[in-house]
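Enquirer: To start, I am sharing the structure in question, which I have written as structure tokens.
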Amino acid sequence: MTRLFTPPPDDGAVAQIKQLVKQHQWSDAALLTRMAATPQAVWFTSGTPKEVRKAVEKTMKQARLTRSVPVLVAYDLPYRDCAQYSAGGAADTESYLAWIDGFVKGIGDGTAIVLVEPDGLGIIPWYTSINGAQEWCQPADADPATAAADRFTQLNGAVDRLAALPNVSVYLDATHSGWLGSGDAADRLHKAGVERTDGFFLNVSNFQATEKLQKFGSWISQCLWFGTNDAEGGWRLGHFDWCGSQYYPADPNDFSTWGLTDQWYTDNVTNAANPPSGPDVLAGFVIDTSRNGQGPWVPPADHPAGDPQDWCNPPDRGLGLRPTTSTGVPMLDAYLWVKIPGESDGQCTRWDPAGGIDPVRGYADPAAGAWFPQMALELVHHANPAP
């Protein structure tokens, strides 16, 4: 089992723990200390190629000193998060790939797990999905004719550079079980070069239940095989859109029906001509369990019209399974804490964007990435399994 790297804690976490000790709230201080001392990812989100190289080198050195393997997140794509709470990123493809070159040089011959661009395949500017759906992200300053193709050029370029490193495991974005269907996710992963990586990641910065994500990940892995299987004249090739998913034949709102999609993969992959010899030949995946211990938040049924932003600082969520590379689940390479638990998702205003506050919490949330003391305590109080 791999020993995963624990980065220095967020300054906000340190300040909160000190304040709790000062107030003699020993139990909460101990819970937050345990959370901060758990292996977590290190995010790289900006800077020049030289700056990101130095930042990555610093983390790699810290990991070597502790004889552990860091989880690194590359997060600097052009049109990142489509100008939402985590907006930013490189100016264009050339700038992005230069930034990736710096990132790669920072890793060198060290050992690392790299997650490439959360939401990078979930939100693609001016994209038309495998099902014909138009992407909502349509930046005015992006060329509708080339923006989607540029995204795949950028991700393939990142894959080529990272996969060339001798000791690095590389994973691409496949969103989560409440977002893309497994066929749509597989199609996007294929276009981004997933076959040259170790697989894909799920649930980064989200709250979907682990049992659903395990099934979802196994379906994507098998769908990738289905859509690239050239047996029997190659009639399956490119047909990721035929794959079973959480939307059909399963009902996404009734987990008891997800066995129907399991059966689709039994019929069309396990029992297909020239089937995969075992789970080890299928794409692997990792799951972010940092905040999914209580599953997703369900907004109140009587909330006003408008977007409830159920992904943004939902109340009463909990820490999930602790990070490990020993999962006991076929194709599932690791549970990781990718989103730093305790950091805000952004200044959520939900269905009341003019109000300036989070109407569920009754106050303004911290900016994206800032420490959120109230949410940090919620996560440790509602951890599942309990700490």
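Ordered as shown in the structure tokens, chains take letters A, B, and onward, while each chain numbers its residues from 1 and ligands are numbered from 1 in the order shown.
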Determine, counting only C-alpha atoms, which protein, DNA and RNA residues have an atom within 12 Å of an atom of segment 2-12 of chain A; residues of the same chain fewer than 3 positions away are not included. Present the result as an NGL selection string.

Expert: :A and (15-19 or 32-43 or 58-72 or 111-113 or 322-327 or 333-338 or 340-344 or 366 or 369-374 or 376)

Enquirer: Using atom CA of Asn131 of chain A and atom CA of Arg151 of chain A as the two end points, give the distance in Å to one decimal.

Expert: 18.6 Å

Enquirer: Using only C-alpha atoms, can you tell me which of A:Glu211, A:Asp198, A:Glu135, A:Glu94 comes closest to Ile123 of chain A?

Expert: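 Of A:Glu211, A:Asp198, A:Glu135, A:Glu94, the one nearest Ile123 of chain A, counting only C-alpha atoms, is A:Glu135.
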
Enquirer: Here is a test: counting only C-alpha atoms, which residue of A:Arg188, A:His24, A:Arg291, A:Arg196 is nearest to Asp345 of chain A?

Expert: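 Checking each of A:Arg188, A:His24, A:Arg291, A:Arg196 against Asp345 of chain A, counting only C-alpha atoms, the winner is A:Arg291.
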
Enquirer: Can you pull out the residues contacting segment 82-87 of chain A? Cut-off 8 Å, using only C-alpha atoms, and skip same-chain residues under 2 positions away; I want them as a ChimeraX atom specification.

Expert: /A:79-80,89,123,125,137,139,345-347,367-368

Enquirer: Would you please give, as a list in words, all residues of segment 14-229 of chain A that DSSP assigns to strand (DSSP E) based on the backbone?

Expert: Val42, Trp43, Phe44, Val71, Leu72, Val73, Ala74, Ala112, Ile113, Val114, Leu115, Val116, Val168, Ser169, Val170, Tyr171, Leu172, Asp173, Gly199, Phe200, Phe201 and Leu202 of chain A

Enquirer: Kindly indicate which residue among A:Thr257, A:Ser277, A:Thr93, A:Gln246 lies nearest to Ala147 of chain A, using only C-alpha atoms for the distances.

Expert: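 Of A:Thr257, A:Ser277, A:Thr93, A:Gln246, the one nearest Ala147 of chain A, counting only C-alpha atoms, is A:Thr93.
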
Enquirer: Would you pick out the contacts of His190 of chain A at 12 Å or less, using only C-alpha atoms, so that residues sharing its chain but fewer than 5 positions from it are not included, and give the list as a count of residues only?

Expert: 30

Enquirer: Choose the residue, out of A:Asp150, A:Asp119, A:Asp307, A:Asp141, that has the smallest atom-to-atom separation from Leu97 of chain A; count only C-alpha atoms.

Expert: A:Asp150
